[in-house]
Structure formats: structure tokens, C-alpha cells
file entry-v4.txt (compact mmCIF, C-alpha atoms)
# COMPACT_ATOMS: atom_id res chain seq x y z
CA MET A 1 1.57 -10.68 -14.72
CA THR A 2 -1.38 -12.45 -13.19
CA VAL A 3 -1.09 -12.20 -9.40
CA LYS A 4 1.91 -11.19 -7.29
CA LEU A 5 2.39 -11.05 -3.48
CA THR A 6 4.46 -8.16 -2.10
CA PRO A 7 5.38 -7.26 1.49
CA TYR A 8 3.84 -3.89 2.43
CA ILE A 9 5.44 -1.96 5.28
CA THR A 10 3.42 0.73 7.08
CA LEU A 11 5.29 3.16 9.31
CA GLU A 12 4.41 6.05 11.59
CA GLY A 13 5.90 9.01 9.72
CA ARG A 14 9.25 7.39 8.92
CA ALA A 15 8.67 5.92 5.43
CA LYS A 16 11.00 8.42 3.68
CA GLU A 17 13.71 7.63 6.22
CA ALA A 18 13.17 3.90 5.66
CA ILE A 19 13.32 4.33 1.88
CA GLN A 20 16.67 6.14 2.13
CA PHE A 21 17.93 3.47 4.53
CA TYR A 22 16.92 0.64 2.16
CA GLU A 23 18.52 2.47 -0.78
CA GLN A 24 21.82 2.71 1.09
CA THR A 25 21.84 -0.68 2.80
CA ILE A 26 20.24 -3.13 0.36
CA GLY A 27 20.45 -1.26 -2.94
CA ALA A 28 16.72 -0.53 -3.21
CA GLU A 29 15.62 1.50 -6.23
CA ILE A 30 12.56 3.76 -6.03
CA LEU A 31 10.05 2.77 -8.71
CA SER A 32 7.30 5.15 -7.58
CA ILE A 33 6.45 7.38 -4.65
CA PHE A 34 3.31 9.40 -3.85
CA THR A 35 2.78 11.63 -0.83
CA TYR A 36 -0.59 12.35 0.75
CA GLY A 37 -0.23 15.85 -0.72
CA ASP A 38 -0.08 14.30 -4.21
CA MET A 39 -3.53 12.79 -3.72
CA PRO A 40 -6.34 15.00 -5.05
CA GLU A 41 -8.93 14.51 -2.29
CA MET A 42 -7.06 14.99 0.98
CA PRO A 43 -9.02 16.34 3.94
CA SER A 44 -8.49 20.04 4.66
CA THR A 45 -7.45 19.00 8.17
CA PHE A 46 -4.17 17.56 6.79
CA THR A 47 -1.28 19.86 7.71
CA ASP A 48 1.66 20.47 5.36
CA GLU A 49 3.67 18.02 7.46
CA MET A 50 0.99 15.35 7.04
CA LYS A 51 0.78 16.03 3.29
CA SER A 52 4.53 15.32 3.00
CA LEU A 53 4.09 11.80 4.41
CA VAL A 54 4.35 8.86 2.02
CA ALA A 55 0.95 7.57 0.88
CA HIS A 56 2.42 4.82 -1.33
CA ALA A 57 5.92 3.90 -2.49
CA LYS A 58 7.23 0.94 -4.45
CA LEU A 59 10.88 -0.12 -4.31
CA LYS A 60 12.77 -2.72 -6.29
CA VAL A 61 15.31 -4.80 -4.39
CA GLY A 62 17.10 -7.20 -6.70
CA GLU A 63 14.34 -9.15 -8.42
CA SER A 64 11.78 -8.42 -5.70
CA GLU A 65 9.65 -5.46 -4.70
CA ILE A 66 8.50 -4.00 -1.41
CA MET A 67 5.91 -1.29 -0.84
CA LEU A 68 5.81 1.28 1.95
CA SER A 69 3.61 4.03 3.32
CA ASP A 70 3.11 6.16 6.38
CA ALA A 71 -0.03 5.65 8.42
CA PRO A 72 -2.60 8.21 7.28
CA GLY A 73 -2.87 11.16 9.60
CA GLY A 74 0.05 9.90 11.66
CA SER A 75 -2.15 7.28 13.33
CA ILE A 76 -0.56 4.63 15.52
CA ILE A 77 0.10 1.24 13.91
CA GLY A 78 -1.16 -1.62 16.05
CA THR A 79 1.15 -4.46 16.99
CA GLY A 80 1.25 -7.01 14.19
CA ASN A 81 0.01 -4.56 11.55
CA ARG A 82 3.31 -2.97 10.49
CA VAL A 83 3.73 -5.50 7.63
CA THR A 84 0.86 -6.69 5.46
CA ILE A 85 0.71 -8.67 2.23
CA CYS A 86 -0.05 -6.74 -0.94
CA ILE A 87 -1.71 -8.79 -3.68
CA THR A 88 -1.07 -7.15 -7.05
CA THR A 89 -3.04 -7.99 -10.18
CA ASP A 90 -3.20 -6.53 -13.67
CA GLY A 91 -6.98 -6.11 -13.77
CA VAL A 92 -9.58 -4.31 -11.66
CA GLU A 93 -12.12 -7.14 -11.90
CA LYS A 94 -9.50 -9.70 -10.86
CA SER A 95 -8.53 -7.50 -7.88
CA LYS A 96 -12.16 -6.98 -6.87
CA LYS A 97 -12.83 -10.75 -6.99
CA ILE A 98 -9.87 -11.43 -4.67
CA TYR A 99 -10.92 -8.59 -2.36
CA GLU A 100 -14.50 -9.87 -2.13
CA ALA A 101 -13.30 -13.40 -1.37
CA LEU A 102 -10.90 -12.30 1.37
CA ARG A 103 -13.43 -10.04 3.09
CA GLN A 104 -15.88 -12.90 3.70
CA ASP A 105 -16.13 -13.26 7.51
CA GLY A 106 -13.28 -10.74 7.78
CA GLN A 107 -13.04 -7.00 8.24
CA VAL A 108 -12.96 -4.26 5.58
CA ASN A 109 -10.26 -1.71 6.42
CA ILE A 110 -10.51 0.32 3.18
CA PRO A 111 -13.37 -0.27 0.73
CA PHE A 112 -12.36 -1.39 -2.76
CA GLN A 113 -12.27 1.70 -4.98
CA GLU A 114 -10.23 3.70 -7.47
CA GLU A 115 -7.35 5.65 -5.94
CA SER A 116 -4.87 8.11 -7.44
CA PHE A 117 -2.18 5.41 -7.35
CA SER A 118 -4.33 2.47 -8.52
CA PRO A 119 -7.50 1.97 -10.60
CA GLY A 120 -8.66 -0.60 -8.02
CA PHE A 121 -7.44 -0.77 -4.42
CA GLY A 122 -8.75 -2.05 -1.09
CA ASP A 123 -7.54 -3.25 2.29
CA VAL A 124 -9.04 -6.14 4.22
CA THR A 125 -8.23 -8.35 7.18
CA ASP A 126 -9.33 -11.92 6.51
CA LYS A 127 -11.10 -14.21 8.95
CA PHE A 128 -7.71 -15.45 10.20
CA GLY A 129 -6.52 -11.95 11.15
CA VAL A 130 -4.14 -11.58 8.18
CA SER A 131 -4.15 -8.12 6.57
CA PHE A 132 -4.09 -7.84 2.78
CA GLN A 133 -3.94 -4.86 0.45
CA ILE A 134 -5.39 -5.58 -2.96
CA TYR A 135 -3.64 -3.41 -5.56
CA THR A 136 -4.38 -3.18 -9.29
CA GLU A 137 -1.39 -2.22 -11.37
CA ILE A 138 -1.89 -1.43 -15.02
CA GLU A 139 1.35 -1.93 -16.94
CA GLN A 140 2.33 1.11 -18.97
call {"tool": "encode", "arguments": {"input": "entry-v4.txt", "output": "C-alpha cells"}}
result
Amino acid sequence: MTVKLTPYITLEGRAKEAIQFYEQTIGAEILSIFTYGDMPEMPSTFTDEMKSLVAHAKLKVGESEIMLSDAPGGSIIGTGNRVTICITTDGVEKSKKIYEALRQDGQVNIPFQEESFSPGFGDVTDKFGVSFQIYTEIEQ
């Protein structure tokens, strides 16, 4: 795998419900799922309910994949930001290069860094207002 584009759906506390719905309606298969509680460095202000929200999930639908999460802290998703494009690569340096290019004259939403679900991840809105998540996936 070199580079892959994946739709990324962000919901307001309903990601688990959406995952079950997609399993039942379009035959989605859960490939991975992490809650905010699974992440090692969650703020102490996160309640048990917030920790049970989906931080990152990947589903396979036929030959395609979609990714989902709940907005952190139950924050409101702005109009037009419910679906973003996730660019997946197989190398941290490749991901960082794409991230750096897209952030030029754009806006950094999440700095590029290592996360519990990815060795290199960041979120940026480019100069055209398109939101991208850059996700490094190391094949096992």
C-alpha cells in the first residue's frame, strides 16, 4: 500500500450506533475499534460516558473501508465537517510529508504526532476548506 483515501465519519456520540447500523444494513465488518477510554493520556475531566465514546473505528464494507469516531468530549460537529477524507499511508515520513503539504495556507486541527492508534496522525483543513486526516497504518 502506498496511499489510500478513506471517508471518515465523525458523529456526536452516536458512532457505536452507526457501526451497528452499518453492520446490519450494508454488511460492514469491524476491523478495529478504540474508545477514548482505551487511549492512555485522556484528560481526567473525561467522564466514564465520554471514555466509552469511539475515538477511532475502521470498518470494511465489501472491498472498501470507512472510518468513524465520536467528536472528542461530545463537542458539536460544524456543518460540513461530519465527513472528512482520511489519507492512509504505510510510513510515518510519507504521512508527515503529505500533512505538511496540505497544511500550507490551511489550518492545523490536530498536530501531526504519534497516537495510540497510529504511529503518525494529524488533521488539517487545506486552503480550500477541505478537511483531511493523515493516518499512518503499519501493516502487521
call {"tool": "closest_atom_pairs", "arguments": {"input": "entry-v4.txt", "of": "stretch 19-61 of chain A", "to": "stretch 68-71 of chain A", "cutoff": "7 Å", "atoms": "only C-alpha atoms", "output": "Markdown table"}}
result
| residue | atom | partner | partner_atom | distance |
| --- | --- | --- | --- | --- |
| A:Leu53 | CA | A:Asp70 | CA | 6.1 |
| A:Val54 | CA | A:Ser69 | CA | 5.1 |
| A:Ala55 | CA | A:Ser69 | CA | 5.1 |
| A:His56 | CA | A:Ser69 | CA | 4.9 |
| A:Ala57 | CA | A:Leu68 | CA | 5.2 |
| A:Lys58 | CA | A:Leu68 | CA | 6.6 |
call {"tool": "residues_around", "arguments": {"input": "entry-v4.txt", "residues": "A:Gly106", "least_positions_apart": "6", "cutoff": "7 Å", "atoms": "only C-alpha atoms", "output": "mmCIF file with C-alpha atoms, in the frame of the given file"}}
result
data_model
loop_
_atom_site.group_PDB
_atom_site.id
_atom_site.type_symbol
_atom_site.label_atom_id
_atom_site.label_comp_id
_atom_site.auth_asym_id
_atom_site.auth_seq_id
_atom_site.Cartn_x
_atom_site.Cartn_y
_atom_site.Cartn_z
ATOM 1 C CA THR A 125 -8.230 -8.350 7.180
ATOM 2 C CA ASP A 126 -9.330 -11.920 6.510
ATOM 3 C CA LYS A 127 -11.100 -14.210 8.950
#
call {"tool": "closest_residue", "arguments": {"input": "entry-v4.txt", "among": "A:Thr6, A:Gln104, A:Lys97, A:Lys60", "to": "A:Ser32", "atoms": "all atoms listed in the file"}}
result
A:Lys60
call {"tool": "closest_residue", "arguments": {"input": "entry-v4.txt", "among": "A:Glu93, A:Glu63, A:Ile85, A:Ser116", "to": "A:Asp38", "atoms": "only C-alpha atoms"}}
result
A:Ser116
call {"tool": "residues_around", "arguments": {"input": "entry-v4.txt", "residues": "A:Ile76", "least_positions_apart": "6", "cutoff": "12 Å", "atoms": "all atoms listed in the file", "output": "VMD selection string"}}
result
chain A and resid 10 to 13 70 82
call {"tool": "residues_around", "arguments": {"input": "entry-v4.txt", "residues": "stretch 17-28 of chain A", "least_positions_apart": "4", "cutoff": "8 Å", "atoms": "all atoms listed in the file", "output": "number ranges by chain"}}
result
A: 59-62
call {"tool": "atom_distance", "arguments": {"input": "entry-v4.txt", "atom1": "atom CA of A:Ile134", "atom2": "atom CA of A:Val3"}}
result
10.2 Å
call {"tool": "residues_around", "arguments": {"input": "entry-v4.txt", "residues": "A:Arg103", "least_positions_apart": "5", "cutoff": "12 Å", "atoms": "all atoms listed in the file", "output": "PyMOL selection string"}}
result
chain A and resi 96-98+108-112+122-134
call {"tool": "write_last_selection", "arguments": {"input": "entry-v4.txt", "atoms": "C-alpha atoms", "output": "PDB file, in the frame of the given file"}}
result
ATOM      1  CA  LYS A  96     -12.160  -6.980  -6.870  1.00  0.00           C
ATOM      2  CA  LYS A  97     -12.830 -10.750  -6.990  1.00  0.00           C
ATOM      3  CA  ILE A  98      -9.870 -11.430  -4.670  1.00  0.00           C
ATOM      4  CA  VAL A 108     -12.960  -4.260   5.580  1.00  0.00           C
ATOM      5  CA  ASN A 109     -10.260  -1.710   6.420  1.00  0.00           C
ATOM      6  CA  ILE A 110     -10.510   0.320   3.180  1.00  0.00           C
ATOM      7  CA  PRO A 111     -13.370  -0.270   0.730  1.00  0.00           C
ATOM      8  CA  PHE A 112     -12.360  -1.390  -2.760  1.00  0.00           C
ATOM      9  CA  GLY A 122      -8.750  -2.050  -1.090  1.00  0.00           C
ATOM     10  CA  ASP A 123      -7.540  -3.250   2.290  1.00  0.00           C
ATOM     11  CA  VAL A 124      -9.040  -6.140   4.220  1.00  0.00           C
ATOM     12  CA  THR A 125      -8.230  -8.350   7.180  1.00  0.00           C
ATOM     13  CA  ASP A 126      -9.330 -11.920   6.510  1.00  0.00           C
ATOM     14  CA  LYS A 127     -11.100 -14.210   8.950  1.00  0.00           C
ATOM     15  CA  PHE A 128      -7.710 -15.450  10.200  1.00  0.00           C
ATOM     16  CA  GLY A 129      -6.520 -11.950  11.150  1.00  0.00           C
ATOM     17  CA  VAL A 130      -4.140 -11.580   8.180  1.00  0.00           C
ATOM     18  CA  SER A 131      -4.150  -8.120   6.570  1.00  0.00           C
ATOM     19  CA  PHE A 132      -4.090  -7.840   2.780  1.00  0.00           C
ATOM     20  CA  GLN A 133      -3.940  -4.860   0.450  1.00  0.00           C
ATOM     21  CA  ILE A 134      -5.390  -5.580  -2.960  1.00  0.00           C
TER      22      ILE A 134
END
call {"tool": "closest_residue", "arguments": {"input": "entry-v4.txt", "among": "A:Phe34, A:Tyr8, A:Tyr99, A:Phe46", "to": "A:Gln113", "atoms": "only C-alpha atoms"}}
result
A:Tyr99
call {"tool": "atom_distance", "arguments": {"input": "entry-v4.txt", "atom1": "atom CA of A:Met50", "atom2": "atom CA of A:Glu115"}}
result
18.2 Å
call {"tool": "atom_distance", "arguments": {"input": "entry-v4.txt", "atom1": "atom CA of A:Ala15", "atom2": "atom CA of A:Met67"}}
result
9.9 Å
call {"tool": "decode", "arguments": {"input": "entry-v4.txt", "residues": "stretch 4-132 of chain A", "atoms": "C-alpha atoms", "output": "PDB file, in the first residue's frame"}}
result
ATOM      1  CA  LYS A   4      -5.254   5.291   0.160  1.00  0.00           C
ATOM      2  CA  LEU A   5      -8.205   7.709   0.565  1.00  0.00           C
ATOM      3  CA  THR A   6     -10.954   6.706   3.014  1.00  0.00           C
ATOM      4  CA  PRO A   7     -14.158   8.503   4.031  1.00  0.00           C
ATOM      5  CA  TYR A   8     -14.026   9.405   7.743  1.00  0.00           C
ATOM      6  CA  ILE A   9     -17.334   9.994   9.528  1.00  0.00           C
ATOM      7  CA  THR A  10     -17.368  11.989  12.780  1.00  0.00           C
ATOM      8  CA  LEU A  11     -20.502  11.838  14.915  1.00  0.00           C
ATOM      9  CA  GLU A  12     -21.715  13.393  18.144  1.00  0.00           C
ATOM     10  CA  GLY A  13     -21.831  10.388  20.475  1.00  0.00           C
ATOM     11  CA  ARG A  14     -23.543   8.007  18.042  1.00  0.00           C
ATOM     12  CA  ALA A  15     -20.600   6.192  16.413  1.00  0.00           C
ATOM     13  CA  LYS A  16     -21.353   2.832  18.115  1.00  0.00           C
ATOM     14  CA  GLU A  17     -24.964   3.099  16.972  1.00  0.00           C
ATOM     15  CA  ALA A  18     -23.808   3.911  13.429  1.00  0.00           C
ATOM     16  CA  ILE A  19     -21.386   0.970  13.432  1.00  0.00           C
ATOM     17  CA  GLN A  20     -24.179  -1.443  14.430  1.00  0.00           C
ATOM     18  CA  PHE A  21     -26.443   0.098  11.793  1.00  0.00           C
ATOM     19  CA  TYR A  22     -23.803  -0.307   9.052  1.00  0.00           C
ATOM     20  CA  GLU A  23     -23.149  -3.907  10.157  1.00  0.00           C
ATOM     21  CA  GLN A  24     -26.847  -4.740   9.812  1.00  0.00           C
ATOM     22  CA  THR A  25     -27.666  -2.728   6.690  1.00  0.00           C
ATOM     23  CA  ILE A  26     -24.592  -2.894   4.452  1.00  0.00           C
ATOM     24  CA  GLY A  27     -22.694  -5.857   5.883  1.00  0.00           C
ATOM     25  CA  ALA A  28     -19.885  -3.808   7.437  1.00  0.00           C
ATOM     26  CA  GLU A  29     -17.241  -5.755   9.351  1.00  0.00           C
ATOM     27  CA  ILE A  30     -15.390  -4.149  12.276  1.00  0.00           C
ATOM     28  CA  LEU A  31     -11.644  -4.240  11.627  1.00  0.00           C
ATOM     29  CA  SER A  32     -10.673  -2.185  14.681  1.00  0.00           C
ATOM     30  CA  ILE A  33     -12.281  -0.023  17.333  1.00  0.00           C
ATOM     31  CA  PHE A  34     -10.760   2.123  20.099  1.00  0.00           C
ATOM     32  CA  THR A  35     -12.659   4.147  22.685  1.00  0.00           C
ATOM     33  CA  TYR A  36     -11.369   7.314  24.317  1.00  0.00           C
ATOM     34  CA  GLY A  37     -11.002   5.202  27.472  1.00  0.00           C
ATOM     35  CA  ASP A  38      -8.561   2.929  25.596  1.00  0.00           C
ATOM     36  CA  MET A  39      -6.237   5.868  24.981  1.00  0.00           C
ATOM     37  CA  PRO A  40      -3.529   6.218  27.647  1.00  0.00           C
ATOM     38  CA  GLU A  41      -3.481  10.011  28.044  1.00  0.00           C
ATOM     39  CA  MET A  42      -7.112  11.061  28.404  1.00  0.00           C
ATOM     40  CA  PRO A  43      -7.847  14.169  30.464  1.00  0.00           C
ATOM     41  CA  SER A  44      -9.106  13.496  33.985  1.00  0.00           C
ATOM     42  CA  THR A  45     -12.141  15.606  33.086  1.00  0.00           C
ATOM     43  CA  PHE A  46     -13.435  12.809  30.795  1.00  0.00           C
ATOM     44  CA  THR A  47     -16.393  11.074  32.442  1.00  0.00           C
ATOM     45  CA  ASP A  48     -16.990   7.323  32.113  1.00  0.00           C
ATOM     46  CA  GLU A  49     -19.620   8.114  29.477  1.00  0.00           C
ATOM     47  CA  MET A  50     -17.109  10.161  27.479  1.00  0.00           C
ATOM     48  CA  LYS A  51     -14.478   7.416  27.816  1.00  0.00           C
ATOM     49  CA  SER A  52     -16.924   4.944  26.229  1.00  0.00           C
ATOM     50  CA  LEU A  53     -17.196   7.058  23.066  1.00  0.00           C
ATOM     51  CA  VAL A  54     -15.451   5.832  19.917  1.00  0.00           C
ATOM     52  CA  ALA A  55     -12.077   7.508  19.350  1.00  0.00           C
ATOM     53  CA  HIS A  56     -11.351   5.585  16.130  1.00  0.00           C
ATOM     54  CA  ALA A  57     -13.001   2.690  14.306  1.00  0.00           C
ATOM     55  CA  LYS A  58     -12.307   1.098  10.946  1.00  0.00           C
ATOM     56  CA  LEU A  59     -14.936  -0.919   9.077  1.00  0.00           C
ATOM     57  CA  LYS A  60     -14.688  -2.978   5.924  1.00  0.00           C
ATOM     58  CA  VAL A  61     -17.609  -2.761   3.516  1.00  0.00           C
ATOM     59  CA  GLY A  62     -17.082  -5.047   0.547  1.00  0.00           C
ATOM     60  CA  GLU A  63     -13.707  -4.062  -0.871  1.00  0.00           C
ATOM     61  CA  SER A  64     -13.783  -0.594   0.704  1.00  0.00           C
ATOM     62  CA  GLU A  65     -13.223   0.826   4.165  1.00  0.00           C
ATOM     63  CA  ILE A  66     -14.781   3.622   6.173  1.00  0.00           C
ATOM     64  CA  MET A  67     -13.578   5.090   9.455  1.00  0.00           C
ATOM     65  CA  LEU A  68     -15.670   6.586  12.238  1.00  0.00           C
ATOM     66  CA  SER A  69     -15.293   8.378  15.546  1.00  0.00           C
ATOM     67  CA  ASP A  70     -17.237  10.423  18.033  1.00  0.00           C
ATOM     68  CA  ALA A  71     -16.297  14.061  18.472  1.00  0.00           C
ATOM     69  CA  PRO A  72     -13.927  14.305  21.437  1.00  0.00           C
ATOM     70  CA  GLY A  73     -15.612  15.485  24.581  1.00  0.00           C
ATOM     71  CA  GLY A  74     -19.006  15.380  22.884  1.00  0.00           C
ATOM     72  CA  SER A  75     -18.272  18.620  21.029  1.00  0.00           C
ATOM     73  CA  ILE A  76     -20.638  19.791  18.316  1.00  0.00           C
ATOM     74  CA  ILE A  77     -19.670  18.977  14.722  1.00  0.00           C
ATOM     75  CA  GLY A  78     -19.910  22.005  12.459  1.00  0.00           C
ATOM     76  CA  THR A  79     -21.927  21.852   9.272  1.00  0.00           C
ATOM     77  CA  GLY A  80     -19.834  20.341   6.501  1.00  0.00           C
ATOM     78  CA  ASN A  81     -17.389  18.660   8.895  1.00  0.00           C
ATOM     79  CA  ARG A  82     -19.225  15.389   9.559  1.00  0.00           C
ATOM     80  CA  VAL A  83     -17.320  13.624   6.734  1.00  0.00           C
ATOM     81  CA  THR A  84     -13.633  14.183   6.036  1.00  0.00           C
ATOM     82  CA  ILE A  85     -11.121  12.391   3.829  1.00  0.00           C
ATOM     83  CA  CYS A  86      -8.620  10.139   5.562  1.00  0.00           C
ATOM     84  CA  ILE A  87      -5.338   9.699   3.690  1.00  0.00           C
ATOM     85  CA  THR A  88      -3.678   6.463   4.785  1.00  0.00           C
ATOM     86  CA  THR A  89      -0.027   5.665   4.125  1.00  0.00           C
ATOM     87  CA  ASP A  90       2.308   2.895   5.224  1.00  0.00           C
ATOM     88  CA  GLY A  91       5.074   5.169   6.505  1.00  0.00           C
ATOM     89  CA  VAL A  92       5.335   7.976   9.059  1.00  0.00           C
ATOM     90  CA  GLU A  93       7.637  10.097   6.890  1.00  0.00           C
ATOM     91  CA  LYS A  94       5.295   9.751   3.907  1.00  0.00           C
ATOM     92  CA  SER A  95       2.340  10.773   6.106  1.00  0.00           C
ATOM     93  CA  LYS A  96       4.222  13.744   7.552  1.00  0.00           C
ATOM     94  CA  LYS A  97       5.185  14.955   4.056  1.00  0.00           C
ATOM     95  CA  ILE A  98       1.528  14.879   2.935  1.00  0.00           C
ATOM     96  CA  TYR A  99       0.422  16.581   6.164  1.00  0.00           C
ATOM     97  CA  GLU A 100       2.998  19.358   5.781  1.00  0.00           C
ATOM     98  CA  ALA A 101       1.981  19.957   2.156  1.00  0.00           C
ATOM     99  CA  LEU A 102      -1.744  20.131   2.933  1.00  0.00           C
ATOM    100  CA  ARG A 103      -1.311  22.496   5.887  1.00  0.00           C
ATOM    101  CA  GLN A 104       0.344  25.190   3.752  1.00  0.00           C
ATOM    102  CA  ASP A 105      -2.029  28.195   3.840  1.00  0.00           C
ATOM    103  CA  GLY A 106      -4.537  25.970   5.637  1.00  0.00           C
ATOM    104  CA  GLN A 107      -5.420  25.275   9.249  1.00  0.00           C
ATOM    105  CA  VAL A 108      -3.953  22.673  11.612  1.00  0.00           C
ATOM    106  CA  ASN A 109      -6.750  20.934  13.539  1.00  0.00           C
ATOM    107  CA  ILE A 110      -4.579  18.280  15.234  1.00  0.00           C
ATOM    108  CA  PRO A 111      -0.767  18.490  15.086  1.00  0.00           C
ATOM    109  CA  PHE A 112       0.991  15.557  13.421  1.00  0.00           C
ATOM    110  CA  GLN A 113       2.109  13.181  16.167  1.00  0.00           C
ATOM    111  CA  GLU A 114       2.124   9.587  17.378  1.00  0.00           C
ATOM    112  CA  GLU A 115      -1.219   8.380  18.748  1.00  0.00           C
ATOM    113  CA  SER A 116      -2.249   5.123  20.404  1.00  0.00           C
ATOM    114  CA  PHE A 117      -3.977   4.067  17.165  1.00  0.00           C
ATOM    115  CA  SER A 118      -1.314   5.285  14.710  1.00  0.00           C
ATOM    116  CA  PRO A 119       2.448   5.951  14.754  1.00  0.00           C
ATOM    117  CA  GLY A 120       1.805   9.162  12.797  1.00  0.00           C
ATOM    118  CA  PHE A 121      -1.516  11.027  12.708  1.00  0.00           C
ATOM    119  CA  GLY A 122      -2.693  14.586  12.108  1.00  0.00           C
ATOM    120  CA  ASP A 123      -5.751  16.530  10.997  1.00  0.00           C
ATOM    121  CA  VAL A 124      -5.670  19.569   8.748  1.00  0.00           C
ATOM    122  CA  THR A 125      -8.050  21.707   6.717  1.00  0.00           C
ATOM    123  CA  ASP A 126      -6.420  22.753   3.453  1.00  0.00           C
ATOM    124  CA  LYS A 127      -6.555  26.202   1.895  1.00  0.00           C
ATOM    125  CA  PHE A 128      -9.735  25.206   0.030  1.00  0.00           C
ATOM    126  CA  GLY A 129     -11.609  24.314   3.235  1.00  0.00           C
ATOM    127  CA  VAL A 130     -11.361  20.527   2.741  1.00  0.00           C
ATOM    128  CA  SER A 131     -10.608  18.569   5.925  1.00  0.00           C
ATOM    129  CA  PHE A 132      -8.109  15.709   5.808  1.00  0.00           C
TER     130      PHE A 132
END
